[in-house]
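start-v9.pdb (PDB, C-alpha atoms, pLDDT in the B column) appears below.
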```
ATOM      1  CA  MET A   1      27.455  38.550   7.876  1.00 88.00           C
ATOM      2  CA  THR A   2      30.659  36.728   8.834  1.00 98.00           C
ATOM      3  CA  THR A   3      31.784  33.998   6.438  1.00 98.00           C
ATOM      4  CA  THR A   4      33.929  31.205   7.853  1.00 98.00           C
ATOM      5  CA  PHE A   5      35.804  28.365   6.147  1.00 98.00           C
ATOM      6  CA  ILE A   6      36.792  25.365   8.286  1.00 98.00           C
ATOM      7  CA  THR A   7      39.012  22.485   7.195  1.00 98.00           C
ATOM      8  CA  GLY A   8      38.349  18.989   8.537  1.00 96.00           C
ATOM      9  CA  ALA A   9      34.830  20.043   9.464  1.00 96.00           C
ATOM     10  CA  ASN A  10      32.926  16.839   8.798  1.00 96.00           C
ATOM     11  CA  LYS A  11      33.399  15.414  12.324  1.00 89.00           C
ATOM     12  CA  SER A  12      34.552  15.997  15.889  1.00 88.00           C
ATOM     13  CA  LEU A  13      36.015  19.407  16.729  1.00 93.00           C
ATOM     14  CA  GLY A  14      35.663  20.786  13.223  1.00 95.00           C
ATOM     15  CA  MET A  15      32.013  19.896  12.985  1.00 95.00           C
ATOM     16  CA  GLU A  16      31.249  21.171  16.486  1.00 96.00           C
ATOM     17  CA  THR A  17      33.008  24.442  15.679  1.00 97.00           C
ATOM     18  CA  ALA A  18      30.957  24.724  12.495  1.00 98.00           C
ATOM     19  CA  ARG A  19      27.750  24.059  14.424  1.00 97.00           C
ATOM     20  CA  ARG A  20      28.537  26.705  17.025  1.00 97.00           C
ATOM     21  CA  LEU A  21      29.462  29.302  14.424  1.00 98.00           C
ATOM     22  CA  VAL A  22      26.309  28.648  12.390  1.00 98.00           C
ATOM     23  CA  GLU A  23      24.353  29.216  15.600  1.00 97.00           C
ATOM     24  CA  ALA A  24      26.307  32.452  16.096  1.00 97.00           C
ATOM     25  CA  GLY A  25      25.134  33.672  12.705  1.00 97.00           C
ATOM     26  CA  HIS A  26      28.159  32.864  10.557  1.00 98.00           C
ATOM     27  CA  THR A  27      27.871  31.671   6.997  1.00 98.00           C
ATOM     28  CA  VAL A  28      29.934  28.503   7.326  1.00 98.00           C
ATOM     29  CA  VAL A  29      31.656  26.568   4.575  1.00 98.00           C
ATOM     30  CA  VAL A  30      32.489  23.023   5.638  1.00 98.00           C
ATOM     31  CA  GLY A  31      35.764  21.833   4.162  1.00 98.00           C
ATOM     32  CA  ALA A  32      36.376  18.082   4.137  1.00 98.00           C
ATOM     33  CA  ARG A  33      38.293  15.517   2.115  1.00 97.00           C
ATOM     34  CA  ASP A  34      35.481  12.938   1.998  1.00 97.00           C
ATOM     35  CA  PRO A  35      32.608  14.250  -0.178  1.00 97.00           C
ATOM     36  CA  GLU A  36      29.960  11.953   1.295  1.00 97.00           C
ATOM     37  CA  ARG A  37      30.751  12.798   4.901  1.00 96.00           C
ATOM     38  CA  GLY A  38      31.323  16.445   4.098  1.00 97.00           C
ATOM     39  CA  ARG A  39      27.984  16.871   2.350  1.00 98.00           C
ATOM     40  CA  ALA A  40      26.164  15.047   5.150  1.00 97.00           C
ATOM     41  CA  ALA A  41      27.794  17.221   7.801  1.00 97.00           C
ATOM     42  CA  ALA A  42      27.055  20.432   5.916  1.00 98.00           C
ATOM     43  CA  ALA A  43      23.435  19.442   5.344  1.00 98.00           C
ATOM     44  CA  SER A  44      22.926  18.690   9.023  1.00 97.00           C
ATOM     45  CA  LEU A  45      24.414  22.044  10.022  1.00 97.00           C
ATOM     46  CA  GLY A  46      22.839  24.338   7.471  1.00 97.00           C
ATOM     47  CA  ALA A  47      26.238  25.004   5.919  1.00 98.00           C
ATOM     48  CA  ARG A  48      27.784  24.565   2.462  1.00 98.00           C
ATOM     49  CA  PHE A  49      30.288  21.830   1.625  1.00 98.00           C
ATOM     50  CA  VAL A  50      33.498  22.274  -0.339  1.00 98.00           C
ATOM     51  CA  ARG A  51      35.876  19.395  -0.898  1.00 98.00           C
ATOM     52  CA  ILE A  52      39.448  20.033   0.195  1.00 98.00           C
ATOM     53  CA  ASP A  53      42.453  17.785   0.719  1.00 98.00           C
ATOM     54  CA  VAL A  54      44.963  19.933   2.598  1.00 98.00           C
ATOM     55  CA  THR A  55      47.862  17.795   1.317  1.00 98.00           C
ATOM     56  CA  ASP A  56      47.072  18.476  -2.338  1.00 98.00           C
ATOM     57  CA  ASP A  57      47.894  21.802  -3.998  1.00 98.00           C
ATOM     58  CA  ALA A  58      45.314  21.410  -6.757  1.00 98.00           C
ATOM     59  CA  SER A  59      42.566  20.477  -4.289  1.00 98.00           C
ATOM     60  CA  VAL A  60      43.307  23.466  -2.063  1.00 98.00           C
ATOM     61  CA  GLU A  61      43.436  25.857  -5.002  1.00 98.00           C
ATOM     62  CA  ALA A  62      40.162  24.461  -6.332  1.00 98.00           C
ATOM     63  CA  ALA A  63      38.536  24.916  -2.917  1.00 98.00           C
ATOM     64  CA  ALA A  64      39.662  28.541  -2.733  1.00 98.00           C
ATOM     65  CA  ALA A  65      38.339  29.122  -6.255  1.00 98.00           C
ATOM     66  CA  ASP A  66      35.009  27.544  -5.302  1.00 98.00           C
ATOM     67  CA  VAL A  67      34.657  29.816  -2.282  1.00 98.00           C
ATOM     68  CA  ALA A  68      35.673  32.834  -4.357  1.00 98.00           C
ATOM     69  CA  ALA A  69      32.958  31.997  -6.892  1.00 98.00           C
ATOM     70  CA  HIS A  70      30.208  31.418  -4.304  1.00 98.00           C
ATOM     71  CA  GLU A  71      30.974  33.518  -1.217  1.00 98.00           C
ATOM     72  CA  GLY A  72      33.389  35.984  -2.799  1.00 98.00           C
ATOM     73  CA  ALA A  73      35.415  36.414   0.409  1.00 98.00           C
ATOM     74  CA  ILE A  74      35.887  34.945   3.862  1.00 98.00           C
ATOM     75  CA  ASP A  75      36.279  36.625   7.226  1.00 98.00           C
ATOM     76  CA  VAL A  76      37.530  33.655   9.226  1.00 98.00           C
ATOM     77  CA  LEU A  77      39.753  30.708   8.295  1.00 98.00           C
ATOM     78  CA  VAL A  78      39.937  27.814  10.744  1.00 98.00           C
ATOM     79  CA  ASN A  79      42.804  25.434   9.981  1.00 98.00           C
ATOM     80  CA  ASN A  80      41.463  22.425  11.840  1.00 97.00           C
ATOM     81  CA  ALA A  81      42.378  19.420   9.671  1.00 96.00           C
ATOM     82  CA  GLY A  82      44.943  17.220  11.380  1.00 96.00           C
ATOM     83  CA  VAL A  83      46.196  13.689  11.897  1.00 95.00           C
ATOM     84  CA  LEU A  84      47.653  11.906  14.908  1.00 92.00           C
ATOM     85  CA  GLY A  85      50.139   9.893  12.902  1.00 93.00           C
ATOM     86  CA  ARG A  86      51.897   6.737  13.930  1.00 90.00           C
ATOM     87  CA  VAL A  87      51.831   5.830  17.613  1.00 90.00           C
ATOM     88  CA  GLY A  88      54.091   3.178  19.103  1.00 88.00           C
ATOM     89  CA  PRO A  89      57.716   2.436  19.956  1.00 90.00           C
ATOM     90  CA  VAL A  90      60.000   5.250  18.836  1.00 90.00           C
ATOM     91  CA  GLU A  91      62.258   2.717  17.148  1.00 93.00           C
ATOM     92  CA  GLU A  92      59.512   2.116  14.610  1.00 93.00           C
ATOM     93  CA  TYR A  93      59.102   5.731  13.491  1.00 93.00           C
ATOM     94  CA  THR A  94      60.417   6.463  10.026  1.00 97.00           C
ATOM     95  CA  ALA A  95      61.092   9.650   8.117  1.00 97.00           C
ATOM     96  CA  ALA A  96      58.071   8.828   5.971  1.00 97.00           C
ATOM     97  CA  ASP A  97      55.887   8.674   9.093  1.00 96.00           C
ATOM     98  CA  MET A  98      57.087  12.135  10.134  1.00 97.00           C
ATOM     99  CA  SER A  99      56.642  13.559   6.651  1.00 98.00           C
ATOM    100  CA  ALA A 100      53.053  12.325   6.482  1.00 98.00           C
ATOM    101  CA  VAL A 101      52.139  14.049   9.759  1.00 98.00           C
ATOM    102  CA  LEU A 102      53.892  17.291   8.858  1.00 98.00           C
ATOM    103  CA  ASP A 103      52.247  17.377   5.434  1.00 98.00           C
ATOM    104  CA  VAL A 104      48.790  17.511   6.990  1.00 98.00           C
ATOM    105  CA  ASN A 105      49.373  19.316  10.278  1.00 98.00           C
ATOM    106  CA  VAL A 106      51.945  21.919   9.257  1.00 98.00           C
ATOM    107  CA  VAL A 107      52.409  22.134   5.495  1.00 98.00           C
ATOM    108  CA  GLY A 108      48.636  21.849   5.148  1.00 98.00           C
ATOM    109  CA  VAL A 109      48.213  24.983   7.261  1.00 98.00           C
ATOM    110  CA  VAL A 110      50.650  26.870   5.032  1.00 98.00           C
ATOM    111  CA  ARG A 111      49.057  25.514   1.861  1.00 98.00           C
ATOM    112  CA  VAL A 112      45.503  26.468   2.870  1.00 98.00           C
ATOM    113  CA  THR A 113      46.464  29.828   4.354  1.00 98.00           C
ATOM    114  CA  HIS A 114      48.367  30.774   1.213  1.00 98.00           C
ATOM    115  CA  ALA A 115      45.425  29.898  -1.021  1.00 98.00           C
ATOM    116  CA  PHE A 116      42.836  31.687   1.118  1.00 98.00           C
ATOM    117  CA  LEU A 117      44.785  34.864   1.946  1.00 98.00           C
ATOM    118  CA  PRO A 118      43.366  36.766  -1.060  1.00 98.00           C
ATOM    119  CA  LEU A 119      39.841  35.957   0.163  1.00 98.00           C
ATOM    120  CA  LEU A 120      40.692  36.960   3.737  1.00 98.00           C
ATOM    121  CA  ARG A 121      42.123  40.256   2.552  1.00 98.00           C
ATOM    122  CA  LYS A 122      38.695  41.198   1.196  1.00 98.00           C
ATOM    123  CA  SER A 123      37.384  41.185   4.783  1.00 98.00           C
ATOM    124  CA  SER A 124      37.405  44.255   7.003  1.00 97.00           C
ATOM    125  CA  HIS A 125      38.322  42.066   9.973  1.00 97.00           C
ATOM    126  CA  PRO A 126      40.153  38.886   8.838  1.00 98.00           C
ATOM    127  CA  VAL A 127      40.857  36.158  11.376  1.00 98.00           C
ATOM    128  CA  ILE A 128      42.895  32.954  11.184  1.00 98.00           C
ATOM    129  CA  VAL A 129      42.590  30.233  13.827  1.00 98.00           C
ATOM    130  CA  ASN A 130      45.081  27.369  13.762  1.00 98.00           C
ATOM    131  CA  VAL A 131      44.090  24.370  15.848  1.00 97.00           C
ATOM    132  CA  SER A 132      47.199  23.340  17.754  1.00 96.00           C
ATOM    133  CA  SER A 133      47.662  21.298  20.933  1.00 94.00           C
ATOM    134  CA  GLY A 134      49.173  21.470  24.390  1.00 89.00           C
ATOM    135  CA  MET A 135      51.173  18.442  23.267  1.00 88.00           C
ATOM    136  CA  GLY A 136      53.251  20.915  21.283  1.00 90.00           C
ATOM    137  CA  SER A 137      54.102  23.012  24.356  1.00 86.00           C
ATOM    138  CA  PHE A 138      57.430  22.434  26.122  1.00 87.00           C
ATOM    139  CA  GLY A 139      56.022  23.929  29.316  1.00 88.00           C
ATOM    140  CA  MET A 140      52.919  21.740  29.380  1.00 81.00           C
ATOM    141  CA  THR A 141      54.582  18.473  28.367  1.00 85.00           C
ATOM    142  CA  GLN A 142      57.226  18.982  31.092  1.00 87.00           C
ATOM    143  CA  ASP A 143      54.756  19.860  33.859  1.00 82.00           C
ATOM    144  CA  PRO A 144      53.839  16.763  35.945  1.00 89.00           C
ATOM    145  CA  ALA A 145      50.553  18.419  36.890  1.00 87.00           C
ATOM    146  CA  ARG A 146      49.454  18.512  33.246  1.00 86.00           C
ATOM    147  CA  ILE A 147      47.895  15.583  31.388  1.00 81.00           C
ATOM    148  CA  GLU A 148      50.141  16.392  28.411  1.00 75.00           C
ATOM    149  CA  SER A 149      53.183  15.222  30.414  1.00 78.00           C
ATOM    150  CA  GLN A 150      51.794  11.694  30.619  1.00 85.00           C
ATOM    151  CA  TYR A 151      51.965  10.958  26.891  1.00 80.00           C
ATOM    152  CA  ALA A 152      54.760  10.362  24.395  1.00 80.00           C
ATOM    153  CA  LEU A 153      53.612  11.312  20.883  1.00 90.00           C
ATOM    154  CA  PRO A 154      56.795  12.519  19.159  1.00 92.00           C
ATOM    155  CA  LEU A 155      55.401  12.942  15.658  1.00 96.00           C
ATOM    156  CA  TYR A 156      52.161  14.651  16.621  1.00 94.00           C
ATOM    157  CA  ALA A 157      53.751  16.780  19.357  1.00 93.00           C
ATOM    158  CA  ALA A 158      56.513  18.023  17.069  1.00 95.00           C
ATOM    159  CA  SER A 159      53.978  18.944  14.390  1.00 97.00           C
ATOM    160  CA  LYS A 160      51.842  20.915  16.839  1.00 96.00           C
ATOM    161  CA  ALA A 161      54.870  22.743  18.209  1.00 96.00           C
ATOM    162  CA  ALA A 162      55.495  23.809  14.622  1.00 97.00           C
ATOM    163  CA  VAL A 163      51.867  24.926  14.203  1.00 97.00           C
ATOM    164  CA  THR A 164      52.036  27.124  17.283  1.00 97.00           C
ATOM    165  CA  MET A 165      55.321  28.758  16.249  1.00 97.00           C
ATOM    166  CA  LEU A 166      54.040  29.159  12.698  1.00 98.00           C
ATOM    167  CA  THR A 167      51.055  30.984  14.167  1.00 98.00           C
ATOM    168  CA  THR A 168      53.180  33.500  16.055  1.00 97.00           C
ATOM    169  CA  GLN A 169      55.336  34.165  13.017  1.00 98.00           C
ATOM    170  CA  TYR A 170      52.337  34.622  10.730  1.00 98.00           C
ATOM    171  CA  ALA A 171      50.855  37.009  13.288  1.00 98.00           C
ATOM    172  CA  ARG A 172      53.985  39.156  13.025  1.00 97.00           C
ATOM    173  CA  GLU A 173      53.879  39.199   9.245  1.00 98.00           C
ATOM    174  CA  LEU A 174      50.124  39.512   8.722  1.00 98.00           C
ATOM    175  CA  LYS A 175      49.595  42.707  10.639  1.00 96.00           C
ATOM    176  CA  ASP A 176      46.220  43.273   8.967  1.00 95.00           C
ATOM    177  CA  MET A 177      44.841  40.038  10.456  1.00 98.00           C
ATOM    178  CA  LYS A 178      44.321  38.322  13.794  1.00 98.00           C
ATOM    179  CA  VAL A 179      46.222  35.024  13.788  1.00 98.00           C
ATOM    180  CA  ASN A 180      45.984  32.771  16.849  1.00 98.00           C
ATOM    181  CA  ALA A 181      46.370  29.133  17.884  1.00 98.00           C
ATOM    182  CA  ALA A 182      43.782  27.192  19.865  1.00 97.00           C
ATOM    183  CA  ASP A 183      44.363  24.219  22.146  1.00 95.00           C
ATOM    184  CA  PRO A 184      41.181  22.137  22.486  1.00 92.00           C
ATOM    185  CA  GLY A 185      42.754  20.128  25.316  1.00 80.00           C
ATOM    186  CA  GLN A 186      42.300  16.380  25.734  1.00 73.00           C
ATOM    187  CA  THR A 187      38.992  15.934  23.944  1.00 64.00           C
ATOM    188  CA  ALA A 188      36.985  12.739  23.554  1.00 52.00           C
ATOM    189  CA  THR A 189      37.521  12.124  19.837  1.00 66.00           C
ATOM    190  CA  ASP A 190      38.936   9.313  17.706  1.00 64.00           C
ATOM    191  CA  PHE A 191      42.394  10.830  18.371  1.00 62.00           C
ATOM    192  CA  THR A 192      42.129  10.054  22.085  1.00 59.00           C
ATOM    193  CA  GLY A 193      40.079   6.884  21.897  1.00 60.00           C
ATOM    194  CA  GLY A 194      37.146   8.720  23.442  1.00 58.00           C
ATOM    195  CA  ILE A 195      39.127   9.872  26.499  1.00 60.00           C
ATOM    196  CA  GLY A 196      38.808  13.453  27.685  1.00 58.00           C
ATOM    197  CA  HIS A 197      36.288  16.243  27.980  1.00 57.00           C
ATOM    198  CA  SER A 198      33.403  16.756  25.580  1.00 81.00           C
ATOM    199  CA  VAL A 199      33.787  17.948  22.012  1.00 79.00           C
ATOM    200  CA  ALA A 200      31.657  20.943  22.983  1.00 88.00           C
ATOM    201  CA  GLU A 201      34.237  21.907  25.634  1.00 91.00           C
ATOM    202  CA  GLY A 202      37.107  21.247  23.244  1.00 89.00           C
ATOM    203  CA  ALA A 203      35.642  23.556  20.627  1.00 93.00           C
ATOM    204  CA  GLU A 204      35.283  26.482  23.028  1.00 95.00           C
ATOM    205  CA  SER A 205      38.772  27.905  22.449  1.00 96.00           C
ATOM    206  CA  ILE A 206      38.416  27.586  18.675  1.00 97.00           C
ATOM    207  CA  VAL A 207      35.028  29.307  18.660  1.00 98.00           C
ATOM    208  CA  ALA A 208      36.274  32.046  20.985  1.00 97.00           C
ATOM    209  CA  LEU A 209      39.176  32.875  18.663  1.00 98.00           C
ATOM    210  CA  ALA A 210      36.956  32.660  15.576  1.00 98.00           C
ATOM    211  CA  THR A 211      34.646  35.287  17.025  1.00 98.00           C
ATOM    212  CA  ILE A 212      37.125  37.851  18.375  1.00 97.00           C
ATOM    213  CA  GLY A 213      36.568  41.491  17.560  1.00 94.00           C
ATOM    214  CA  PRO A 214      38.926  43.967  15.875  1.00 95.00           C
ATOM    215  CA  ASP A 215      40.579  44.648  19.247  1.00 94.00           C
ATOM    216  CA  GLY A 216      41.124  40.957  19.965  1.00 96.00           C
ATOM    217  CA  PRO A 217      44.514  39.293  20.475  1.00 96.00           C
ATOM    218  CA  THR A 218      46.926  38.090  17.830  1.00 98.00           C
ATOM    219  CA  GLY A 219      49.877  35.729  18.021  1.00 97.00           C
ATOM    220  CA  GLN A 220      48.421  33.988  21.076  1.00 97.00           C
ATOM    221  CA  PHE A 221      48.123  30.325  22.091  1.00 96.00           C
ATOM    222  CA  VAL A 222      45.020  29.753  24.202  1.00 96.00           C
ATOM    223  CA  ASP A 223      42.713  27.108  25.584  1.00 92.00           C
ATOM    224  CA  ARG A 224      39.249  27.668  27.029  1.00 91.00           C
ATOM    225  CA  PHE A 225      40.760  28.936  30.285  1.00 92.00           C
ATOM    226  CA  GLY A 226      43.242  31.464  28.911  1.00 92.00           C
ATOM    227  CA  THR A 227      46.750  31.924  27.516  1.00 91.00           C
ATOM    228  CA  LEU A 228      49.063  28.888  27.592  1.00 88.00           C
ATOM    229  CA  PRO A 229      52.791  28.493  28.280  1.00 76.00           C
ATOM    230  CA  TRP A 230      55.211  27.737  25.480  1.00 78.00           C
TER     231      TRP A 230
END
```

Show me the file's structure as C-alpha cells.
Amino acid sequence: MTTTFITGANKSLGMETARRLVEAGHTVVVGARDPERGRAAAASLGARFVRIDVTDDASVEAAAADVAAHEGAIDVLVNNAGVLGRVGPVEEYTAADMSAVLDVNVVGVVRVTHAFLPLLRKSSHPVIVNVSSGMGSFGMTQDPARIESQYALPLYAASKAAVTMLTTQYARELKDMKVNAADPGQTATDFTGGIGHSVAEGAESIVALATIGPDGPTGQFVDRFGTLPW
C-alpha cells in the first residue's frame, strides 16, 4: 500500500488531495500546524494526523520521527503548505515580509524534504510533489491570455518561481525519485477570496503527480491540462 505524507492538509487543496488519495487506496498522513483542525480533518478523511510546522526545524524533525515510528516509510511526499504573504502597494513590502513568505513556501520545502528523504528512500518508488503556481512562471505571467498576467503578487510569485526551480534541481540530484511541481491554477480558496475553479479541479494536478508510476515524469511543472511554460 502507498503511504503519503501531505503538509498543510487540514483544508483546501491539501485536504482535497488527501481525500482523493485516501479514495485511491493510499495510507495518508495529514500534516498540519493546528492540532485541532488537523485532527478533525484526518478524522473526517480516514487518515492519521501528525503536527508539523514547516518553519520550525524541531517540529519537522519530530514529524518525521513520528511517521518513522508509525508508518516506517513513505512513498509520496506532497509539499503543499504555503502562504500568500503580504498583498498591497509594493512600497509597503519589507525584507521581513519577503523572509516570512520564503520561510514557508521555499525553505519549508527544503526543510521537510530533507527530514523525510530517509523515509522516502525506503520506498521502491519514491515520489515528491511540490505545489507551485503559475504565478511563478515568467511565460504565464507575461502572457495577456493567461489569468496570471492580471495580478501583481511579487512576494508570492517570487517564492513560487523558486519552488519550481528547486523542483527541477532536486529532480536532477535525486535520480532515484520522481520530483515534480504542480500548478493547481486559480482555485477558489482563501488565497483567492473564493475566486476560481473548484478545489476538486485544483487538486487534479497534485493527485496526478502523486500517483505516477515508475515510468512517470520527473523535473516537470504541470497543471491539470499538461506541461507548463517557464

Self-check item: For CA of Lys122 (chain A) and CA of Ala32 (chain A), the interatomic separation in Å (one decimal)
Solution: 23.4 Å

Practice problem: With all atoms listed in the file counted, which protein, DNA or RNA residues have an atom no more than 12 Å from (48.3, 46.3, 11.0) in the file frame? Please answer as a count of residues only. | Solution: 15

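The residue that comes closest to His114 (chain A), out of A:Ser159, A:Asn79, A:Thr17, A:Thr211 and on the basis of only C-alpha atoms, is A:Asn79.
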
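The shortest atom-to-atom distance to Asp183 (chain A), with only C-alpha atoms taken into account, belongs to A:Leu13 out of A:Ala73, A:Ala41, A:Leu13, A:Met1.
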
Exercise. Compile the contact shell of Leu84 (chain A) as a VMD selection string: residues with an atom at most 8 Å away, counting all atoms listed in the file, same-chain residues fewer than 2 positions apart removed.
Key: chain A and resid 82 86 to 87 101 155 to 156 191

Take the residues just selected and output them with C-alpha atoms as a PDB file, in the coordinates of the input.
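out_35.pdb was written with the following content:
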```pdb
ATOM      1  CA  GLY A  82      44.943  17.220  11.380  1.00 96.00           C
ATOM      2  CA  ARG A  86      51.897   6.737  13.930  1.00 90.00           C
ATOM      3  CA  VAL A  87      51.831   5.830  17.613  1.00 90.00           C
ATOM      4  CA  VAL A 101      52.139  14.049   9.759  1.00 98.00           C
ATOM      5  CA  LEU A 155      55.401  12.942  15.658  1.00 96.00           C
ATOM      6  CA  TYR A 156      52.161  14.651  16.621  1.00 94.00           C
ATOM      7  CA  PHE A 191      42.394  10.830  18.371  1.00 62.00           C
TER       8      PHE A 191
END
```

Practice problem: Would you kindly return, as a VMD selection string, each protein, DNA or RNA residue with an atom no farther than 8 Å from any atom of region 4-10 of chain A, considering all atoms listed in the file and excluding same-chain residues fewer than 6 positions away? | Solution: chain A and resid 16 to 18 26 to 33 37 to 38 40 to 42 52 54 74 to 82

Exercise. Enumerate, as an MDAnalysis selection string, the protein, DNA and RNA residues whose atoms approach (50.5, 23.2, 7.3) to within 10 Å, taking into account all atoms listed in the file and the coordinate frame of the file.
Key: chainID A and resid 54:55 79 81:82 101:114 130 159:160 162:163 166

Exercise. Translate the PyMOL selection byres ((chain A and resi 196-210) around 8), as applied to the file shown, into an explicit residue set as a PyMOL selection string.
Key: chain A and resi 12-14+16-17+20-21+76+78+127-129+131+180+182-189+192+194-195+211-212+222-224

Quiz item: Which is closest to Arg146 (chain A) among A:Ala69, A:Leu228, A:Met165, A:Ala100, if we use only C-alpha atoms?
Solution: A:Leu228

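Residues matched by the PyMOL selection byres ((chain A and resi 140-142) around 12) in this file are Ser133, Gly134, Met135, Gly136, Ser137, Phe138, Gly139, Asp143, Pro144, Ala145, Arg146, Ile147, Glu148, Ser149, Gln150, Tyr151, Ala152, Leu153, Pro154, Ala157, Ala158, Ala161, Asp183, Gly185, Leu228, Pro229 and Trp230 of chain A.
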
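The gap separating CA of Gly85 (chain A) from CA of Lys11 (chain A) is 17.6 Å, in Å to one decimal.
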
Axis-aligned box over every listed atom of region 82-90 of chain A, padded by 8 Å per side: centre and edges in Å to one decimal, as JSON?
```
{"center_x": 52.5, "center_y": 9.8, "center_z": 15.7, "size_x": 31.1, "size_y": 30.8, "size_z": 24.6}
```

Quiz item: Rounded to one decimal in Å, what is the spacing between CA of Asp66 (chain A) and CA of Arg51 (chain A)?
Solution: 9.3 Å
